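Dropping structure-v9.tsv in here (TSV, N, CA and C atoms):
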chain	number	residue	atom	x	y	z
W	1	MET	N	-44.10	-29.79	-81.27
W	1	MET	CA	-43.28	-29.09	-80.32
W	1	MET	C	-43.75	-29.48	-78.92
W	2	SER	N	-42.78	-29.70	-78.04
W	2	SER	CA	-43.11	-30.07	-76.67
W	2	SER	C	-43.50	-28.84	-75.85
W	3	SER	N	-44.05	-29.06	-74.67
W	3	SER	CA	-44.41	-27.94	-73.80
W	3	SER	C	-43.18	-27.17	-73.34
W	4	ALA	N	-42.00	-27.81	-73.43
W	4	ALA	CA	-40.74	-27.13	-73.06
W	4	ALA	C	-40.17	-26.34	-74.23
W	5	GLY	N	-40.82	-26.40	-75.41
W	5	GLY	CA	-40.36	-25.65	-76.57
W	5	GLY	C	-39.41	-26.40	-77.47
W	6	LYS	N	-39.25	-27.69	-77.25
W	6	LYS	CA	-38.34	-28.49	-78.07
W	6	LYS	C	-39.06	-28.94	-79.34
W	7	ILE	N	-38.40	-28.68	-80.49
W	7	ILE	CA	-38.98	-29.03	-81.79
W	7	ILE	C	-38.33	-30.31	-82.28
W	8	LYS	N	-39.13	-31.25	-82.79
W	8	LYS	CA	-38.61	-32.50	-83.34
W	8	LYS	C	-39.05	-32.59	-84.80
W	9	ALA	N	-38.07	-32.72	-85.69
W	9	ALA	CA	-38.38	-32.86	-87.12
W	9	ALA	C	-38.94	-34.25	-87.38
W	10	VAL	N	-39.99	-34.31	-88.18
W	10	VAL	CA	-40.59	-35.59	-88.55
W	10	VAL	C	-40.54	-35.82	-90.06
W	11	GLY	N	-40.05	-34.83	-90.79
W	11	GLY	CA	-39.94	-34.95	-92.24
W	11	GLY	C	-39.38	-33.65	-92.80
W	12	THR	N	-39.10	-33.67	-94.10
W	12	THR	CA	-38.56	-32.47	-94.73
W	12	THR	C	-39.67	-31.48	-95.03
W	13	GLY	N	-39.29	-30.21	-95.11
W	13	GLY	CA	-40.26	-29.16	-95.42
W	13	GLY	C	-40.06	-27.95	-94.54
W	14	SER	N	-41.00	-27.00	-94.62
W	14	SER	CA	-40.94	-25.77	-93.85
W	14	SER	C	-42.23	-25.56	-93.09
W	15	CYS	N	-42.12	-24.87	-91.96
W	15	CYS	CA	-43.32	-24.53	-91.19
W	15	CYS	C	-43.03	-23.31	-90.33
W	16	THR	N	-44.07	-22.76	-89.76
W	16	THR	CA	-43.95	-21.64	-88.83
W	16	THR	C	-44.40	-22.12	-87.46
W	17	ILE	N	-43.58	-21.86	-86.45
W	17	ILE	CA	-43.91	-22.22	-85.08
W	17	ILE	C	-44.27	-20.93	-84.34
W	18	TYR	N	-45.43	-20.92	-83.67
W	18	TYR	CA	-45.86	-19.76	-82.90
W	18	TYR	C	-45.83	-20.12	-81.42
W	19	ALA	N	-45.42	-19.17	-80.60
W	19	ALA	CA	-45.45	-19.35	-79.15
W	19	ALA	C	-46.15	-18.13	-78.54
W	20	MET	N	-47.04	-18.39	-77.59
W	20	MET	CA	-47.77	-17.29	-76.96
W	20	MET	C	-47.52	-17.32	-75.46
W	21	ALA	N	-47.08	-16.19	-74.91
W	21	ALA	CA	-46.88	-16.07	-73.48
W	21	ALA	C	-48.20	-15.83	-72.78
W	22	ILE	N	-48.23	-16.01	-71.49
W	22	ILE	CA	-49.45	-15.81	-70.71
W	22	ILE	C	-49.98	-14.39	-70.87
W	23	ASN	N	-49.09	-13.41	-71.06
W	23	ASN	CA	-49.53	-12.01	-71.20
W	23	ASN	C	-49.99	-11.68	-72.61
W	24	GLY	N	-50.05	-12.68	-73.52
W	24	GLY	CA	-50.55	-12.47	-74.86
W	24	GLY	C	-49.51	-12.13	-75.91
W	25	VAL	N	-48.24	-11.97	-75.53
W	25	VAL	CA	-47.18	-11.68	-76.48
W	25	VAL	C	-46.93	-12.93	-77.32
W	26	VAL	N	-46.88	-12.73	-78.63
W	26	VAL	CA	-46.70	-13.84	-79.56
W	26	VAL	C	-45.35	-13.70	-80.27
W	27	ALA	N	-44.68	-14.82	-80.42
W	27	ALA	CA	-43.43	-14.86	-81.18
W	27	ALA	C	-43.55	-15.99	-82.19
W	28	LYS	N	-42.84	-15.84	-83.30
W	28	LYS	CA	-42.87	-16.90	-84.30
W	28	LYS	C	-41.47	-17.14	-84.84
W	29	VAL	N	-41.24	-18.35	-85.32
W	29	VAL	CA	-39.98	-18.73	-85.93
W	29	VAL	C	-40.28	-19.62	-87.13
W	30	GLU	N	-39.56	-19.39	-88.22
W	30	GLU	CA	-39.68	-20.22	-89.41
W	30	GLU	C	-38.68	-21.36	-89.27
W	31	VAL	N	-39.12	-22.58	-89.53
W	31	VAL	CA	-38.25	-23.75	-89.42
W	31	VAL	C	-38.26	-24.48	-90.75
W	32	THR	N	-37.07	-24.81	-91.25
W	32	THR	CA	-36.94	-25.60	-92.48
W	32	THR	C	-36.12	-26.84	-92.16
W	33	VAL	N	-36.65	-27.99	-92.52
W	33	VAL	CA	-35.97	-29.27	-92.32
W	33	VAL	C	-35.52	-29.76	-93.68
W	34	VAL	N	-34.22	-30.01	-93.80
W	34	VAL	CA	-33.66	-30.49	-95.06
W	34	VAL	C	-33.27	-31.95	-94.94
W	35	ASP	N	-33.25	-32.64	-96.05
W	35	ASP	CA	-32.84	-34.03	-96.10
W	35	ASP	C	-31.37	-34.08	-96.46
W	36	GLY	N	-30.52	-34.25	-95.47
W	36	GLY	CA	-29.09	-34.28	-95.72
W	36	GLY	C	-28.49	-32.90	-95.59
W	37	PRO	N	-27.21	-32.80	-95.91
W	37	PRO	CA	-26.52	-31.52	-95.71
W	37	PRO	C	-26.96	-30.44	-96.70
W	38	MET	N	-26.81	-29.20	-96.27
W	38	MET	CA	-27.08	-28.07	-97.15
W	38	MET	C	-25.82	-27.71	-97.93
W	39	THR	N	-24.64	-27.90	-97.30
W	39	THR	CA	-23.38	-27.64	-97.97
W	39	THR	C	-22.35	-28.67	-97.56
W	40	VAL	N	-21.38	-28.88	-98.43
W	40	VAL	CA	-20.21	-29.71	-98.13
W	40	VAL	C	-19.01	-29.03	-98.77
W	41	SER	N	-17.90	-29.02	-98.05
W	41	SER	CA	-16.67	-28.42	-98.58
W	41	SER	C	-15.47	-29.08	-97.91
W	42	PHE	N	-14.31	-28.92	-98.53
W	42	PHE	CA	-13.08	-29.40	-97.92
W	42	PHE	C	-12.49	-28.30	-97.08
W	43	LYS	N	-11.77	-28.66	-96.02
W	43	LYS	CA	-11.15	-27.68	-95.14
W	43	LYS	C	-10.03	-26.93	-95.83
W	44	LYS	N	-9.37	-27.57	-96.82
W	44	LYS	CA	-8.30	-26.93	-97.59
W	44	LYS	C	-8.53	-27.17	-99.08
W	45	ALA	N	-7.93	-26.33	-99.91
W	45	ALA	CA	-8.08	-26.47	-101.36
W	45	ALA	C	-7.24	-27.60	-101.93
W	46	SER	N	-6.17	-27.98	-101.22
W	46	SER	CA	-5.32	-29.05	-101.73
W	46	SER	C	-4.64	-29.80	-100.59
W	47	TYR	N	-4.27	-31.04	-100.88
W	47	TYR	CA	-3.60	-31.91	-99.92
W	47	TYR	C	-2.49	-32.64	-100.65
W	48	SER	N	-1.63	-33.32	-99.89
W	48	SER	CA	-0.61	-34.15	-100.52
W	48	SER	C	-0.49	-35.46	-99.78
W	49	VAL	N	-0.01	-36.47	-100.51
W	49	VAL	CA	0.20	-37.80	-99.95
W	49	VAL	C	1.40	-38.41	-100.67
W	50	LYS	N	2.17	-39.20	-99.97
W	50	LYS	CA	3.31	-39.87	-100.60
W	50	LYS	C	2.84	-41.12	-101.32
W	51	LYS	N	3.54	-41.47	-102.39
W	51	LYS	CA	3.26	-42.68	-103.15
W	51	LYS	C	3.26	-43.88	-102.19
W	52	GLY	N	2.20	-44.70	-102.27
W	52	GLY	CA	2.07	-45.88	-101.41
W	52	GLY	C	1.46	-45.60	-100.05
W	53	LYS	N	1.26	-44.34	-99.70
W	53	LYS	CA	0.68	-43.96	-98.40
W	53	LYS	C	-0.78	-43.59	-98.55
W	54	LYS	N	-1.47	-43.44	-97.40
W	54	LYS	CA	-2.90	-43.14	-97.41
W	54	LYS	C	-3.19	-41.82	-96.70
W	55	LEU	N	-4.28	-41.20	-97.12
W	55	LEU	CA	-4.75	-39.94	-96.55
W	55	LEU	C	-6.27	-40.05	-96.40
W	56	LYS	N	-6.77	-39.86	-95.17
W	56	LYS	CA	-8.21	-39.98	-94.92
W	56	LYS	C	-8.90	-38.63	-95.15
W	57	LEU	N	-9.41	-38.44	-96.37
W	57	LEU	CA	-10.06	-37.17	-96.71
W	57	LEU	C	-11.43	-37.01	-96.06
W	58	SER	N	-12.07	-38.10	-95.68
W	58	SER	CA	-13.39	-37.99	-95.05
W	58	SER	C	-13.32	-37.21	-93.74
W	59	ASP	N	-12.14	-37.14	-93.13
W	59	ASP	CA	-11.95	-36.33	-91.92
W	59	ASP	C	-11.70	-34.86	-92.25
W	60	LYS	N	-11.59	-34.54	-93.51
W	60	LYS	CA	-11.20	-33.20	-93.93
W	60	LYS	C	-12.31	-32.46	-94.67
W	61	ILE	N	-13.56	-32.90	-94.47
W	61	ILE	CA	-14.69	-32.18	-95.07
W	61	ILE	C	-15.48	-31.46	-93.99
W	62	LYS	N	-16.09	-30.36	-94.39
W	62	LYS	CA	-17.00	-29.61	-93.51
W	62	LYS	C	-18.39	-29.76	-94.10
W	63	VAL	N	-19.35	-30.11	-93.25
W	63	VAL	CA	-20.73	-30.31	-93.67
W	63	VAL	C	-21.63	-29.42	-92.83
W	64	THR	N	-22.59	-28.77	-93.48
W	64	THR	CA	-23.56	-27.93	-92.79
W	64	THR	C	-24.95	-28.49	-93.05
W	65	PRO	N	-25.74	-28.77	-92.04
W	65	PRO	CA	-25.40	-28.75	-90.63
W	65	PRO	C	-24.45	-29.89	-90.27
W	66	ALA	N	-23.65	-29.68	-89.23
W	66	ALA	CA	-22.64	-30.65	-88.80
W	66	ALA	C	-23.29	-32.01	-88.54
W	67	GLY	N	-22.62	-33.05	-88.97
W	67	GLY	CA	-23.10	-34.41	-88.72
W	67	GLY	C	-24.15	-34.91	-89.69
W	68	SER	N	-24.45	-34.14	-90.73
W	68	SER	CA	-25.53	-34.53	-91.65
W	68	SER	C	-25.03	-35.17	-92.94
W	69	ALA	N	-23.76	-35.49	-93.03
W	69	ALA	CA	-23.20	-35.99	-94.29
W	69	ALA	C	-23.84	-37.31	-94.73
W	70	GLY	N	-24.10	-38.21	-93.81
W	70	GLY	CA	-24.64	-39.52	-94.19
W	70	GLY	C	-23.67	-40.23	-95.11
W	71	SER	N	-24.19	-40.98	-96.05
W	71	SER	CA	-23.31	-41.69	-96.98
W	71	SER	C	-22.88	-40.76	-98.10
W	72	CYS	N	-21.63	-40.93	-98.52
W	72	CYS	CA	-21.06	-40.10	-99.58
W	72	CYS	C	-20.44	-40.99	-100.65
W	73	THR	N	-20.32	-40.46	-101.86
W	73	THR	CA	-19.63	-41.12	-102.95
W	73	THR	C	-18.35	-40.35	-103.22
W	74	TRP	N	-17.24	-41.09	-103.37
W	74	TRP	CA	-15.93	-40.48	-103.58
W	74	TRP	C	-15.40	-40.89	-104.94
W	75	ILE	N	-14.84	-39.94	-105.70
W	75	ILE	CA	-14.32	-40.23	-107.05
W	75	ILE	C	-12.96	-39.56	-107.22
W	76	SER	N	-12.03	-40.30	-107.82
W	76	SER	CA	-10.72	-39.77	-108.20
W	76	SER	C	-10.75	-39.48	-109.69
W	77	SER	N	-10.18	-38.33	-110.09
W	77	SER	CA	-10.15	-37.99	-111.51
W	77	SER	C	-9.19	-38.88	-112.29
W	78	ASP	N	-8.24	-39.53	-111.59
W	78	ASP	CA	-7.29	-40.42	-112.25
W	78	ASP	C	-6.81	-41.49	-111.27
W	79	PRO	N	-7.51	-42.64	-111.22
W	79	PRO	CA	-7.12	-43.71	-110.30
W	79	PRO	C	-5.71	-44.27	-110.56
W	80	GLY	N	-5.13	-43.95	-111.70
W	80	GLY	CA	-3.75	-44.35	-111.97
W	80	GLY	C	-2.75	-43.55	-111.15
W	81	ILE	N	-3.17	-42.40	-110.65
W	81	ILE	CA	-2.33	-41.55	-109.80
W	81	ILE	C	-2.71	-41.72	-108.33
W	82	ALA	N	-4.00	-41.70	-108.04
W	82	ALA	CA	-4.47	-41.89	-106.67
W	82	ALA	C	-5.86	-42.50	-106.70
W	83	THR	N	-6.06	-43.50	-105.86
W	83	THR	CA	-7.38	-44.11	-105.72
W	83	THR	C	-8.06	-43.52	-104.49
W	84	VAL	N	-9.37	-43.66	-104.43
W	84	VAL	CA	-10.11	-43.22	-103.24
W	84	VAL	C	-11.15	-44.28	-102.93
W	85	SER	N	-11.22	-44.68	-101.66
W	85	SER	CA	-12.16	-45.72	-101.23
W	85	SER	C	-13.54	-45.14	-100.99
W	86	ALA	N	-14.50	-46.02	-100.78
W	86	ALA	CA	-15.87	-45.60	-100.48
W	86	ALA	C	-15.95	-44.86	-99.15
W	87	LYS	N	-14.92	-44.97	-98.32
W	87	LYS	CA	-14.89	-44.27	-97.03
W	87	LYS	C	-14.04	-43.01	-97.09
W	88	GLY	N	-13.60	-42.58	-98.28
W	88	GLY	CA	-12.87	-41.33	-98.43
W	88	GLY	C	-11.39	-41.42	-98.11
W	89	VAL	N	-10.81	-42.62	-98.23
W	89	VAL	CA	-9.39	-42.78	-97.98
W	89	VAL	C	-8.66	-42.81	-99.32
W	90	VAL	N	-7.74	-41.85	-99.50
W	90	VAL	CA	-6.97	-41.73	-100.74
W	90	VAL	C	-5.66	-42.49	-100.58
W	91	LYS	N	-5.28	-43.23	-101.63
W	91	LYS	CA	-3.99	-43.92	-101.63
W	91	LYS	C	-3.21	-43.44	-102.84
W	92	GLY	N	-1.98	-42.95	-102.59
W	92	GLY	CA	-1.12	-42.50	-103.67
W	92	GLY	C	-0.59	-43.69	-104.46
W	93	VAL	N	-0.76	-43.66	-105.78
W	93	VAL	CA	-0.31	-44.76	-106.65
W	93	VAL	C	1.00	-44.38	-107.35
W	94	LYS	N	1.04	-43.20	-107.97
W	94	LYS	CA	2.27	-42.72	-108.60
W	94	LYS	C	2.25	-41.19	-108.57
W	95	LYS	N	3.42	-40.59	-108.79
W	95	LYS	CA	3.53	-39.13	-108.73
W	95	LYS	C	2.60	-38.46	-109.73
W	96	GLY	N	1.97	-37.39	-109.26
W	96	GLY	CA	1.06	-36.63	-110.10
W	96	GLY	C	0.02	-35.92	-109.25
W	97	THR	N	-0.95	-35.30	-109.91
W	97	THR	CA	-2.00	-34.56	-109.22
W	97	THR	C	-3.36	-35.01	-109.72
W	98	VAL	N	-4.29	-35.20	-108.78
W	98	VAL	CA	-5.66	-35.60	-109.13
W	98	VAL	C	-6.65	-34.68	-108.42
W	99	THR	N	-7.87	-34.74	-108.90
W	99	THR	CA	-8.97	-34.07	-108.22
W	99	THR	C	-9.83	-35.15	-107.58
W	100	ILE	N	-10.10	-34.98	-106.29
W	100	ILE	CA	-10.98	-35.90	-105.57
W	100	ILE	C	-12.29	-35.16	-105.33
W	101	THR	N	-13.39	-35.81	-105.71
W	101	THR	CA	-14.72	-35.21	-105.55
W	101	THR	C	-15.55	-36.07	-104.62
W	102	VAL	N	-16.21	-35.41	-103.67
W	102	VAL	CA	-17.15	-36.09	-102.77
W	102	VAL	C	-18.54	-35.59	-103.10
W	103	THR	N	-19.51	-36.53	-103.14
W	103	THR	CA	-20.91	-36.19	-103.41
W	103	THR	C	-21.75	-36.79	-102.30
W	104	THR	N	-22.57	-35.97	-101.65
W	104	THR	CA	-23.44	-36.45	-100.59
W	104	THR	C	-24.66	-37.15	-101.20
W	105	ALA	N	-25.39	-37.86	-100.37
W	105	ALA	CA	-26.58	-38.60	-100.84
W	105	ALA	C	-27.62	-37.68	-101.46
W	106	ASN	N	-27.66	-36.40	-101.03
W	106	ASN	CA	-28.64	-35.48	-101.60
W	106	ASN	C	-28.05	-34.61	-102.71
W	107	GLY	N	-26.85	-35.00	-103.22
W	107	GLY	CA	-26.30	-34.35	-104.42
W	107	GLY	C	-25.38	-33.17	-104.21
W	108	LYS	N	-25.05	-32.81	-102.98
W	108	LYS	CA	-24.10	-31.70	-102.75
W	108	LYS	C	-22.70	-32.22	-103.03
W	109	GLN	N	-21.86	-31.38	-103.70
W	109	GLN	CA	-20.52	-31.81	-104.11
W	109	GLN	C	-19.45	-30.83	-103.66
W	110	ALA	N	-18.25	-31.39	-103.46
W	110	ALA	CA	-17.06	-30.58	-103.21
W	110	ALA	C	-15.87	-31.31	-103.81
W	111	SER	N	-14.88	-30.55	-104.23
W	111	SER	CA	-13.67	-31.14	-104.82
W	111	SER	C	-12.44	-30.52	-104.19
W	112	THR	N	-11.36	-31.31	-104.19
W	112	THR	CA	-10.06	-30.84	-103.73
W	112	THR	C	-8.99	-31.48	-104.60
W	113	THR	N	-7.81	-30.89	-104.59
W	113	THR	CA	-6.68	-31.41	-105.34
W	113	THR	C	-5.78	-32.20	-104.38
W	114	VAL	N	-5.31	-33.36	-104.87
W	114	VAL	CA	-4.36	-34.17	-104.10
W	114	VAL	C	-3.14	-34.39	-104.96
W	115	LYS	N	-1.99	-33.99	-104.41
W	115	LYS	CA	-0.71	-34.18	-105.11
W	115	LYS	C	-0.03	-35.41	-104.51
W	116	VAL	N	0.31	-36.35	-105.37
W	116	VAL	CA	1.04	-37.55	-104.94
W	116	VAL	C	2.51	-37.27	-105.16
W	117	LYS	N	3.31	-37.39	-104.08
W	117	LYS	CA	4.74	-37.10	-104.15
W	117	LYS	C	5.55	-38.39	-104.25
For the structure just supplied, provide its representation as structure tokens.
Amino acid sequence: MSSAGKIKAVGTGSCTIYAMAINGVVAKVEVTVVDGPMTVSFKKASYSVKKGKKLKLSDKIKVTPAGSAGSCTWISSDPGIATVSAKGVVKGVKKGTVTITVTTANGKQASTTVKVK
């Protein structure tokens, strides 16, 4: 921790930070540093895309803490209906409904339904 009170994470784990004022008052805070996101979810339970068109699902996830998603793996339950790229872009192949699942590098998962029209 810097003299200005700024904390910099250097690895994963937990610790207690103590601060003491000139008058002797002590305060403490528990800090936990995680490797990757703690949660991932989609902004909506379902989406739709037209056959032959694309939908960028990577823009439609919420990650806590924000910006911690890192690399993710994307899977379509039926690539015959809709494919999904490594960057989270879904392409409608034929009419139907699929489940798209995203998995973060630290194993957090979320799924959503995509209907191809």
### Task
Name the closest residue to W:Ile17 among the candidates W:Gly36, W:Ser85, W:Val31, W:Ser77; distances are taken between atoms, counting all atoms listed in the file.
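Under the stated criterion, the closest residue is W:Val31.
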### Task
Measuring atom to atom with only C-alpha atoms, identify which of W:Leu57, W:Cys15, W:Ala105, W:Ala110 is nearest to W:Val89.
W:Leu57
### Query
Excluding same-chain residues fewer than 5 positions from W:Ser76, what lies within 6.5 Å of it counting all atoms listed in the file, as a list in words?
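So, after excluding close chain neighbours, the residues are Ala82, Thr83, Val84, Val98, Thr99, Ile100 and Thr101 of chain W.
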So that I have them on file, write out the residues from the current selection with N, CA and C atoms, as an mmCIF file, keeping the file's coordinate frame.
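Written out: part_5.cif:
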data_model
loop_
_atom_site.group_PDB
_atom_site.id
_atom_site.type_symbol
_atom_site.label_atom_id
_atom_site.label_comp_id
_atom_site.auth_asym_id
_atom_site.auth_seq_id
_atom_site.Cartn_x
_atom_site.Cartn_y
_atom_site.Cartn_z
ATOM 1 N N ALA W 82 -4.000 -41.700 -108.040
ATOM 2 C CA ALA W 82 -4.470 -41.890 -106.670
ATOM 3 C C ALA W 82 -5.860 -42.500 -106.700
ATOM 4 N N THR W 83 -6.060 -43.500 -105.860
ATOM 5 C CA THR W 83 -7.380 -44.110 -105.720
ATOM 6 C C THR W 83 -8.060 -43.520 -104.490
ATOM 7 N N VAL W 84 -9.370 -43.660 -104.430
ATOM 8 C CA VAL W 84 -10.110 -43.220 -103.240
ATOM 9 C C VAL W 84 -11.150 -44.280 -102.930
ATOM 10 N N VAL W 98 -4.290 -35.200 -108.780
ATOM 11 C CA VAL W 98 -5.660 -35.600 -109.130
ATOM 12 C C VAL W 98 -6.650 -34.680 -108.420
ATOM 13 N N THR W 99 -7.870 -34.740 -108.900
ATOM 14 C CA THR W 99 -8.970 -34.070 -108.220
ATOM 15 C C THR W 99 -9.830 -35.150 -107.580
ATOM 16 N N ILE W 100 -10.100 -34.980 -106.290
ATOM 17 C CA ILE W 100 -10.980 -35.900 -105.570
ATOM 18 C C ILE W 100 -12.290 -35.160 -105.330
ATOM 19 N N THR W 101 -13.390 -35.810 -105.710
ATOM 20 C CA THR W 101 -14.720 -35.210 -105.550
ATOM 21 C C THR W 101 -15.550 -36.070 -104.620
#
### Which residue of W:Gly92, W:Lys53, W:Ser58, W:Thr104 approaches W:Cys72 most closely, using all atoms listed in the file
W:Thr104
### Query
To one decimal place, how far is atom C of W:Lys117 from atom N of W:Ser41 in Å?
26.0 Å
### Gap from atom N of W:Val93 to atom CA of W:Ser48 - Å, one decimal
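So the two atoms, atom N of W:Val93 and atom CA of W:Ser48, lie 10.9 Å apart.
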### Task
Run DSSP on the backbone of this structure and report the residues of stretch 20-90 of chain W it assigns to strand (DSSP E), as a PyMOL selection string.
chain W and resi 20+26-33+39-42+46-49+54-56+61-64+72-76+82-84+89-90
### Message
Here is a test: counting all atoms listed in the file, which residue of W:Pro37, W:Ala86, W:Asp78, W:Tyr47 is nearest to W:Thr64?
### Response
W:Pro37
### Query
When you draw a straight line from atom N of W:Gly13 to atom C of W:Gln109, how long is it in Å?
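Atom N of W:Gly13 sits 21.6 Å away from atom C of W:Gln109.
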### Message
So that I can see what lies close to stretch 38-40 of chain W, please list as a ChimeraX atom specification the residues with an atom at most 5 Å from it, counting only N, CA and C atoms and leaving out residues fewer than 4 positions away in the same chain.
### Response
/W:62-65
Six-sided padding of 8 Å per side, axis-aligned box over stretch 46-62 of chain W, centre and edges in Å, one decimal, as JSON:
{"center_x": -7.4, "center_y": -36.9, "center_z": -97.5, "size_x": 37.9, "size_y": 33.9, "size_z": 27.2}
### Query
Can you list, as a VMD selection string, every residue of chain W that DSSP puts in helix (DSSP H, G or I)?
chain W and resid 57 to 60
